[in-house]
Amino acid sequence: MKPAPFAYAAPRSLDEALALLAEHGDEAQIIAGGQSLVPMLALRMATPGILVDINRIAGLPGLLEDDAALTVGPCVRHAELLRHAGRHRHWSLIAAAVREVAHPGIRNRGTLCGSIALADPAAEAPAYALALDAEIVLSSLSGERRVPARKFFRGVYETARAPDEMITAVTFPRPAPGWRFGFQEIARRHGDYAIAGLCAGLRLEAGRITEVELVYFGIADRPMRAPQAERSLLGEPNADAVKEAAAAAGAELEVEGTGESSAALKRQLMRVLTERVLTKLIVGAPGQ
Ligand SMILES: Cc1cc2nc3c(=O)[nH]c(=O)nc-3n(C[C@H](O)[C@H](O)[C@H](O)COP(=O)(O)OP(=O)(O)OC[C@H]3O[C@@H](n4cnc5c(N)ncnc54)[C@H](O)[C@@H]3O)c2cc1C
């Protein structure tokens, strides 16, 4: 199938891009890496009136890190983010997750902001953005607003972004001392979207777990935290608490089957992932 006809604009400034979004509303669609949008156009799952190509805009934020945060601009490719995160221990979660995004060719073109905008529930980026308490920076002609990841994802391909807004950055606060992170997903083949995955973080202070983030993806219409499972891990790190958390996560969340993967299978995978990731995380923790 060929894409339906569409107009194409390649603005040179952010204001020009935002004016196009304001003028065309729902009819306009941004193209960044095109790794999701181009197949959707070809299948006529997306039929925009106009594509707004953001790749030639001068002065957009790139990839920038200071003591407080990592900022990732709208044309930063997964591959560039992986190179950066792979060099810094505090971004080990990002590095582990981005390694599982598709294949090198797709990571060389696809962007973090595009993945966040798309909000595929089986994608890695929305999950690690939630686990790391990221903020999504949205720009329109009326100004800029920042939405925490926990409020941004609303359902399958649904977000808090309005049609006249562009994601101009995603910012990740640098994790405080004591945090350690783990990541695993289960997919049919390496590079496929996950059937189920887990981004986990624990904060250890004086030998006790004081904060926990468990974010599951691929199991519902958006990435989900599991508060009861998180609470069961607080205190002394121990194997019984890990087992309790693994059982609690599958029980407390509304899990939805997709394609050939039933909800029961996904619950089982959540249990397996929780035990594997947390066991690895608490090995070597003080008191173990
Ligand atoms: C074979 C294959 C396998 C893949 N496997 C995975 C995988 O395992 N995990 C995974 O996470 N992804 C996977 N992807 C998708 C890939 O990660 C994409 O790069 C990503 O989802 C979207 O990034 P993009 O820059 O290509 O966005 P585009 O395709 O350009 O755009 C995607 C959507 O986001 C919107 N958009 C893009 N940028 C912005 C912005 N700055 N502001 C507002 N809206 C914006 C577009 O309008 C469009 O609706 C796969 C893709 C392919 C083709």
# chains A, B, ... in the order shown; residues from 1 in each chain; ligands from 1
>>> residues_near_ligand(ligand="ligand 1", cutoff="6 Å", atoms="only C-alpha atoms and all ligand atoms", output="mmCIF file with C-alpha atoms, in the first residue's frame")
data_model
loop_
_atom_site.group_PDB
_atom_site.id
_atom_site.type_symbol
_atom_site.label_atom_id
_atom_site.label_comp_id
_atom_site.auth_asym_id
_atom_site.auth_seq_id
_atom_site.Cartn_x
_atom_site.Cartn_y
_atom_site.Cartn_z
ATOM 1 C CA GLN A 29 1.960 15.422 12.106
ATOM 2 C CA ILE A 30 5.572 15.965 13.114
ATOM 3 C CA ILE A 31 8.165 13.694 11.557
ATOM 4 C CA ALA A 32 11.419 13.198 13.494
ATOM 5 C CA GLY A 33 13.195 9.880 12.789
ATOM 6 C CA GLY A 34 10.252 8.496 10.814
ATOM 7 C CA GLN A 35 10.895 4.988 12.152
ATOM 8 C CA SER A 36 7.331 4.612 13.416
ATOM 9 C CA LEU A 37 5.540 7.207 11.310
ATOM 10 C CA PRO A 74 13.744 16.367 19.827
ATOM 11 C CA VAL A 101 15.100 -0.701 21.278
ATOM 12 C CA ALA A 102 14.866 -2.320 17.844
ATOM 13 C CA GLY A 110 14.586 7.033 15.739
ATOM 14 C CA THR A 111 14.402 9.571 18.554
ATOM 15 C CA CYS A 113 11.101 12.313 21.889
ATOM 16 C CA GLY A 114 9.382 10.518 18.986
ATOM 17 C CA SER A 115 8.989 7.403 21.088
ATOM 18 C CA ALA A 117 5.176 11.226 21.641
ATOM 19 C CA LEU A 118 4.007 7.943 20.130
ATOM 20 C CA ALA A 123 8.104 0.686 24.085
ATOM 21 C CA GLU A 124 11.025 1.124 26.447
ATOM 22 C CA ALA A 125 11.246 4.945 26.498
ATOM 23 C CA MET A 166 5.787 19.823 20.031
ATOM 24 C CA ILE A 167 7.972 17.912 22.490
ATOM 25 C CA THR A 168 11.065 20.091 22.577
ATOM 26 C CA GLY A 191 14.802 -6.065 18.748
ATOM 27 C CA ASP A 192 11.070 -6.823 18.823
ATOM 28 C CA TYR A 193 8.770 -4.838 21.055
#
>>> residues_around(residues="Ala96 of chain A", least_positions_apart="2", cutoff="12 Å", atoms="only C-alpha atoms", output="compact mmCIF listing (two decimals) with N, CA and C atoms, in the first residue's frame")
# COMPACT_ATOMS: atom_id res chain seq x y z
N HIS A 78 18.15 7.60 19.34
CA HIS A 78 18.37 6.61 20.40
C HIS A 78 19.87 6.28 20.49
N LEU A 81 21.85 8.83 22.43
CA LEU A 81 21.51 8.73 23.85
C LEU A 81 22.19 7.51 24.48
N LEU A 82 22.21 6.41 23.74
CA LEU A 82 22.85 5.19 24.25
C LEU A 82 24.36 5.41 24.46
N ARG A 83 24.99 6.09 23.50
CA ARG A 83 26.44 6.35 23.66
C ARG A 83 26.69 7.16 24.92
N ALA A 85 24.58 7.57 27.66
CA ALA A 85 24.16 6.87 28.88
C ALA A 85 25.13 5.75 29.22
N GLY A 86 25.67 5.10 28.20
CA GLY A 86 26.59 3.99 28.42
C GLY A 86 27.88 4.41 29.12
N ARG A 87 28.18 5.70 29.10
CA ARG A 87 29.42 6.18 29.73
C ARG A 87 29.21 6.63 31.18
N HIS A 88 27.94 6.65 31.64
CA HIS A 88 27.66 7.20 32.97
C HIS A 88 26.86 6.20 33.80
N ARG A 89 27.42 5.82 34.94
CA ARG A 89 26.78 4.80 35.76
C ARG A 89 25.37 5.21 36.20
N HIS A 90 25.18 6.53 36.46
CA HIS A 90 23.86 6.96 36.95
C HIS A 90 22.78 6.84 35.87
N TRP A 91 23.17 6.62 34.61
CA TRP A 91 22.16 6.42 33.56
C TRP A 91 22.15 4.96 33.10
N SER A 92 22.52 4.05 34.00
CA SER A 92 22.58 2.63 33.59
C SER A 92 21.21 2.11 33.13
N LEU A 93 20.14 2.64 33.71
CA LEU A 93 18.80 2.17 33.30
C LEU A 93 18.53 2.57 31.84
N ILE A 94 18.87 3.82 31.50
CA ILE A 94 18.64 4.27 30.11
C ILE A 94 19.47 3.41 29.17
N VAL A 98 17.75 1.24 26.25
CA VAL A 98 17.89 1.65 24.83
C VAL A 98 18.56 0.55 24.01
N ARG A 99 19.42 -0.25 24.66
CA ARG A 99 20.04 -1.38 23.95
C ARG A 99 18.99 -2.34 23.40
N GLU A 100 17.80 -2.36 24.02
CA GLU A 100 16.73 -3.28 23.58
C GLU A 100 15.78 -2.64 22.59
N VAL A 101 15.99 -1.36 22.25
CA VAL A 101 15.10 -0.70 21.28
C VAL A 101 15.51 -1.14 19.88
N GLU A 124 10.17 0.97 25.27
CA GLU A 124 11.02 1.12 26.45
C GLU A 124 11.02 2.57 26.98
N ALA A 125 11.02 3.56 26.06
CA ALA A 125 11.25 4.94 26.50
C ALA A 125 10.18 5.46 27.48
N TYR A 128 11.10 3.91 30.93
CA TYR A 128 12.24 4.43 31.70
C TYR A 128 12.05 5.90 32.04
N PHE A 181 19.77 0.58 39.63
CA PHE A 181 18.70 0.28 38.68
C PHE A 181 18.92 -1.06 37.98
N GLY A 182 17.81 -1.67 37.58
CA GLY A 182 17.87 -2.91 36.80
C GLY A 182 16.82 -2.88 35.70
N PHE A 183 17.07 -3.62 34.65
CA PHE A 183 16.16 -3.63 33.51
C PHE A 183 16.16 -5.01 32.87
N GLN A 184 14.99 -5.49 32.50
CA GLN A 184 14.91 -6.69 31.65
C GLN A 184 13.60 -6.69 30.92
N GLU A 185 13.60 -7.26 29.73
CA GLU A 185 12.33 -7.44 29.03
C GLU A 185 12.34 -8.80 28.35
N GLY A 197 8.04 -6.11 30.16
CA GLY A 197 9.36 -5.63 30.57
C GLY A 197 9.26 -4.92 31.91
N LEU A 198 10.42 -4.73 32.53
CA LEU A 198 10.47 -4.09 33.85
C LEU A 198 11.67 -3.15 33.95
N CYS A 199 11.37 -1.92 34.37
CA CYS A 199 12.42 -0.97 34.79
C CYS A 199 12.32 -0.89 36.30
N ALA A 200 13.40 -1.22 37.01
CA ALA A 200 13.34 -1.22 38.48
C ALA A 200 14.42 -0.32 39.05
>>> atom_distance(atom1="atom CA of Tyr8 of chain A", atom2="atom CA of Ile106 of chain A")
22.3 Å
>>> closest_residue(among="A:Ile219, A:Leu60, A:Val242, A:Val38", to="Leu265 of chain A", atoms="only C-alpha atoms")
A:Ile219
>>> residues_around(residues="Leu18 of chain A", least_positions_apart="6", cutoff="12 Å", atoms="only C-alpha atoms", output="NGL selection string")
:A and (9-12 or 24-25 or 28-30 or 52-54 or 57 or 138-144 or 162-168)
>>> write_last_selection(atoms="C-alpha atoms", output="compact mmCIF listing (two decimals), in the first residue's frame")
# COMPACT_ATOMS: atom_id res chain seq x y z
CA ALA A 9 6.96 21.32 5.25
CA ALA A 10 10.53 21.57 6.52
CA PRO A 11 10.56 24.66 8.76
CA ARG A 12 13.91 26.25 9.66
CA HIS A 24 -3.25 22.68 10.88
CA GLY A 25 -4.11 21.17 14.32
CA ALA A 28 -0.47 18.10 11.02
CA GLN A 29 1.96 15.42 12.11
CA ILE A 30 5.57 15.96 13.11
CA VAL A 52 6.12 18.89 9.60
CA ASP A 53 9.74 17.74 9.37
CA ILE A 54 11.65 19.04 12.40
CA ILE A 57 15.21 23.46 12.63
CA LEU A 138 5.94 20.80 25.44
CA SER A 139 6.17 23.98 23.34
CA SER A 140 3.45 25.81 21.44
CA LEU A 141 2.89 29.38 20.26
CA SER A 142 1.40 30.09 23.71
CA GLY A 143 4.61 29.12 25.50
CA GLU A 144 6.15 26.13 27.23
CA ALA A 162 -2.17 18.86 22.47
CA PRO A 163 -2.10 18.86 18.63
CA ASP A 164 -0.44 22.31 18.52
CA GLU A 165 2.40 21.23 20.86
CA MET A 166 5.79 19.82 20.03
CA ILE A 167 7.97 17.91 22.49
CA THR A 168 11.06 20.09 22.58
>>> residues_around(residues="Glu275 of chain A", least_positions_apart="4", cutoff="10 Å", atoms="only C-alpha atoms", output="list in words")
Ala239, Ala241, Val242, Lys243, Glu244, Ala245, Ala246, Ala247, Leu269, Met270, Arg271, Thr279, Lys280 and Leu281 of chain A
>>> residues_around(residues="Val215 of chain A", least_positions_apart="4", cutoff="10 Å", atoms="only C-alpha atoms", output="PDB file with N, CA and C atoms, in the first residue's frame")
ATOM      1  N   PRO A 126       8.891   5.262  27.204  1.00  0.00           N
ATOM      2  CA  PRO A 126       7.916   5.749  28.198  1.00  0.00           C
ATOM      3  C   PRO A 126       8.151   5.118  29.581  1.00  0.00           C
ATOM      4  N   ALA A 127       8.571   3.845  29.592  1.00  0.00           N
ATOM      5  CA  ALA A 127       8.769   3.153  30.878  1.00  0.00           C
ATOM      6  C   ALA A 127       9.968   3.715  31.625  1.00  0.00           C
ATOM      7  N   TYR A 128      11.097   3.914  30.927  1.00  0.00           N
ATOM      8  CA  TYR A 128      12.243   4.431  31.703  1.00  0.00           C
ATOM      9  C   TYR A 128      12.054   5.901  32.044  1.00  0.00           C
ATOM     10  N   ALA A 129      11.275   6.627  31.208  1.00  0.00           N
ATOM     11  CA  ALA A 129      10.975   8.031  31.557  1.00  0.00           C
ATOM     12  C   ALA A 129      10.160   8.068  32.854  1.00  0.00           C
ATOM     13  N   LEU A 130       9.215   7.155  32.982  1.00  0.00           N
ATOM     14  CA  LEU A 130       8.394   7.103  34.206  1.00  0.00           C
ATOM     15  C   LEU A 130       9.251   6.689  35.408  1.00  0.00           C
ATOM     16  N   ALA A 131      10.079   5.662  35.215  1.00  0.00           N
ATOM     17  CA  ALA A 131      10.885   5.164  36.337  1.00  0.00           C
ATOM     18  C   ALA A 131      11.888   6.215  36.822  1.00  0.00           C
ATOM     19  N   LEU A 132      12.345   7.074  35.915  1.00  0.00           N
ATOM     20  CA  LEU A 132      13.363   8.067  36.292  1.00  0.00           C
ATOM     21  C   LEU A 132      12.735   9.433  36.579  1.00  0.00           C
ATOM     22  N   PHE A 183      17.074  -3.621  34.651  1.00  0.00           N
ATOM     23  CA  PHE A 183      16.155  -3.630  33.509  1.00  0.00           C
ATOM     24  C   PHE A 183      16.160  -5.008  32.871  1.00  0.00           C
ATOM     25  N   GLY A 197       8.042  -6.111  30.156  1.00  0.00           N
ATOM     26  CA  GLY A 197       9.364  -5.628  30.575  1.00  0.00           C
ATOM     27  C   GLY A 197       9.264  -4.918  31.915  1.00  0.00           C
ATOM     28  N   LEU A 198      10.421  -4.732  32.529  1.00  0.00           N
ATOM     29  CA  LEU A 198      10.472  -4.089  33.853  1.00  0.00           C
ATOM     30  C   LEU A 198      11.666  -3.147  33.954  1.00  0.00           C
ATOM     31  N   CYS A 199      11.372  -1.915  34.374  1.00  0.00           N
ATOM     32  CA  CYS A 199      12.422  -0.967  34.786  1.00  0.00           C
ATOM     33  C   CYS A 199      12.322  -0.893  36.303  1.00  0.00           C
ATOM     34  N   ALA A 200      13.396  -1.220  37.008  1.00  0.00           N
ATOM     35  CA  ALA A 200      13.336  -1.220  38.478  1.00  0.00           C
ATOM     36  C   ALA A 200      14.421  -0.325  39.055  1.00  0.00           C
ATOM     37  N   GLY A 201      14.082   0.353  40.128  1.00  0.00           N
ATOM     38  CA  GLY A 201      15.068   1.163  40.846  1.00  0.00           C
ATOM     39  C   GLY A 201      14.860   1.018  42.347  1.00  0.00           C
ATOM     40  N   PRO A 223       2.779   2.380  30.496  1.00  0.00           N
ATOM     41  CA  PRO A 223       3.645   1.809  31.543  1.00  0.00           C
ATOM     42  C   PRO A 223       3.013   2.046  32.906  1.00  0.00           C
ATOM     43  N   MET A 224       3.158   1.068  33.790  1.00  0.00           N
ATOM     44  CA  MET A 224       2.463   1.121  35.084  1.00  0.00           C
ATOM     45  C   MET A 224       3.429   0.895  36.239  1.00  0.00           C
ATOM     46  N   ARG A 225       3.302   1.710  37.291  1.00  0.00           N
ATOM     47  CA  ARG A 225       4.001   1.420  38.545  1.00  0.00           C
ATOM     48  C   ARG A 225       3.157   0.455  39.371  1.00  0.00           C
ATOM     49  N   ALA A 226       3.823  -0.253  40.270  1.00  0.00           N
ATOM     50  CA  ALA A 226       3.123  -1.236  41.112  1.00  0.00           C
ATOM     51  C   ALA A 226       3.364  -0.859  42.572  1.00  0.00           C
ATOM     52  N   PRO A 227       2.545   0.059  43.127  1.00  0.00           N
ATOM     53  CA  PRO A 227       2.824   0.624  44.449  1.00  0.00           C
ATOM     54  C   PRO A 227       2.864  -0.403  45.578  1.00  0.00           C
ATOM     55  N   GLU A 230       6.039  -2.260  45.383  1.00  0.00           N
ATOM     56  CA  GLU A 230       7.127  -1.351  45.790  1.00  0.00           C
ATOM     57  C   GLU A 230       7.207  -1.286  47.318  1.00  0.00           C
ATOM     58  N   ALA A 249       2.922  -7.682  42.292  1.00  0.00           N
ATOM     59  CA  ALA A 249       2.856  -6.887  41.053  1.00  0.00           C
ATOM     60  C   ALA A 249       1.819  -7.453  40.085  1.00  0.00           C
TER      61      ALA A 249
END
>>> select_by_dssp(residues="segment 18-229 of chain A", states="helix (DSSP H, G or I)", output="number ranges by chain")
A: 18-27, 37-42, 78-85, 89-98, 104-109, 112-118, 124-131, 149-152, 227-229
